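Report on the following structure.
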Amino acid sequence: MTGMAGLGLAPATGWAQPALPLRLGVDGLIQDSGLAGRWKTAMARDLGLSAEWVRAPSGSLLKQLESGALPVGLFLSSPLADQLERQGLIHDRHTLARTQVLLVGPQEDPAGLKGEPDAVRALAQILAGQSAGACRWQPADQDSALNNLADSLMASLGARKLPAPPSSLPSYQLMTQADWQTLPRDARKALKVMVDADPRLWLTCQVARSFRTPHPAGKLLVQWLQGPLGRKAVVAAGSTWQGA
């Protein structure tokens, strides 16, 4: 590989570390679901590359890519990523994997969803139930990809902002498949998956490099993540991720 010599990377047994360690931003979901750990192990084995992993919500991570505080990031799909790519502030952006999102609620189902398969119609019923004081919608953290997904679903409803309901009301929320699987058994008994087959209920894991802060190993890492060795970590046994 002709590019390795110019980067000071060893072509035979792995890639020698550049003088400056690669700071690699990663969303918490990608870490907590085990995907980042599998990539980390495989990177060390296949490339001889150990990065400094910097955990941050996708929104914060993308802002660090924009400013150049991070050279490379693994984040979840976001309208901010689209904006930064159009502006040329991030580049070499690729989708690597996707994971299912579930709409989860209480077993007694006070919103009366009754197997409604459409996530937007289900949300409309939940908000109607919230207005009537029967249940509440539990939003995700403001800077999270789940919050972005909920906002996109709400936008199609033209939903107005409702007063904050009492926290004692039974709640509905979006939850990743990984979070659902790791819920304690007792907590899961009180809940059930209301909507799981809507094609809009997915999050994608993406990678991009910062335009402001190039790193010698960045391009090669992105290529590796897209290749067969990087993809193998995505579909490993027990993974909640699928290939993109």
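For the structure tokens, the naming scheme is as follows: chains receive sequential letters (A, B, ...) according to their order of presentation, residues are indexed from 1 within each chain, and ligands are indexed from 1 in presentation order.
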Exercise. Which residues, written as a list of chain:residue names, have at least one atom at most 8 Å from Gly68 (chain A), with only C-alpha atoms counted and residues fewer than 5 positions away on the same chain left out?
Worked result: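 Close residues of Gly68 (chain A): A:Ser210, A:Phe211, A:Arg212, A:Thr213.
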Give the helix (DSSP H, G or I) residues of region 45-163 of chain A, as assigned by DSSP on the backbone, as a compact mmCIF listing (two decimals) with C-alpha atoms, in the first residue's frame.
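Now in result21.txt:
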# COMPACT_ATOMS: atom_id res chain seq x y z
CA ARG A 45 -5.53 -6.83 16.04
CA ASP A 46 -5.81 -5.99 12.34
CA LEU A 47 -4.21 -2.55 12.20
CA SER A 58 -23.98 12.49 18.71
CA GLY A 59 -24.98 16.15 18.71
CA SER A 60 -22.00 17.17 20.83
CA LEU A 61 -19.69 14.90 18.86
CA LEU A 62 -20.71 16.47 15.55
CA LYS A 63 -20.07 19.94 16.96
CA GLN A 64 -16.55 18.79 17.92
CA LEU A 65 -16.01 17.52 14.38
CA GLU A 66 -17.22 20.87 13.09
CA SER A 67 -14.78 22.83 15.27
CA PRO A 79 -29.87 16.41 10.58
CA LEU A 80 -26.79 18.25 11.91
CA ALA A 81 -24.54 15.77 10.06
CA ASP A 82 -26.39 16.55 6.82
CA GLN A 83 -25.88 20.27 7.42
CA LEU A 84 -22.17 19.97 8.23
CA GLU A 85 -21.56 17.78 5.18
CA ARG A 86 -23.28 20.33 2.90
CA ALA A 119 -45.34 5.06 14.72
CA VAL A 120 -46.73 8.49 13.83
CA ARG A 121 -50.35 7.47 14.41
CA ALA A 122 -49.27 5.83 17.68
CA LEU A 123 -47.61 9.07 18.77
CA ALA A 124 -50.78 11.01 17.94
CA GLN A 125 -52.77 8.70 20.22
CA ILE A 126 -50.19 9.01 23.00
CA LEU A 127 -50.29 12.82 22.82
CA ALA A 128 -54.09 12.72 22.88
CA GLY A 129 -53.87 10.52 25.96
CA GLN A 130 -51.44 12.99 27.52
CA SER A 131 -53.87 15.87 26.88
CA ALA A 145 -30.27 10.58 18.34
CA LEU A 146 -33.50 9.17 19.82
CA ASN A 147 -34.65 12.73 20.46
CA ASN A 148 -33.89 13.64 16.83
CA LEU A 149 -35.88 10.63 15.67
CA ALA A 150 -38.84 11.56 17.88
CA ASP A 151 -38.70 15.15 16.59
CA SER A 152 -38.86 13.93 12.99
CA LEU A 153 -41.90 11.79 13.78
CA MET A 154 -43.57 14.62 15.71
CA ALA A 155 -42.93 17.06 12.85
Problem set entry | Members of region 78-209 of chain A assigned strand (DSSP E or B) by DSSP, as JSON, numbers by chain | {"A": [90, 91, 92, 93, 94, 95, 96, 97, 98, 99, 100, 101, 102, 103, 104, 105, 106, 136, 137, 171, 172, 173, 174, 175, 176, 191, 192, 193, 194, 195, 202, 203, 204, 205, 206, 207, 208, 209]}
Problem set entry | Shell around Tyr172 (chain A) at 12 Å using only C-alpha atoms, local window under 2 positions removed, as an MDAnalysis selection string | chainID A and resid 102:113 119 122:127 129:130 134:140 150 167 169:170 174:175 190:195
For this session: To one decimal in Å, tell me the separation between CA of Val207 (chain A) and CA of Arg93 (chain A).
Result: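 Between CA of Val207 (chain A) and CA of Arg93 (chain A) the gap is 5.4 Å.
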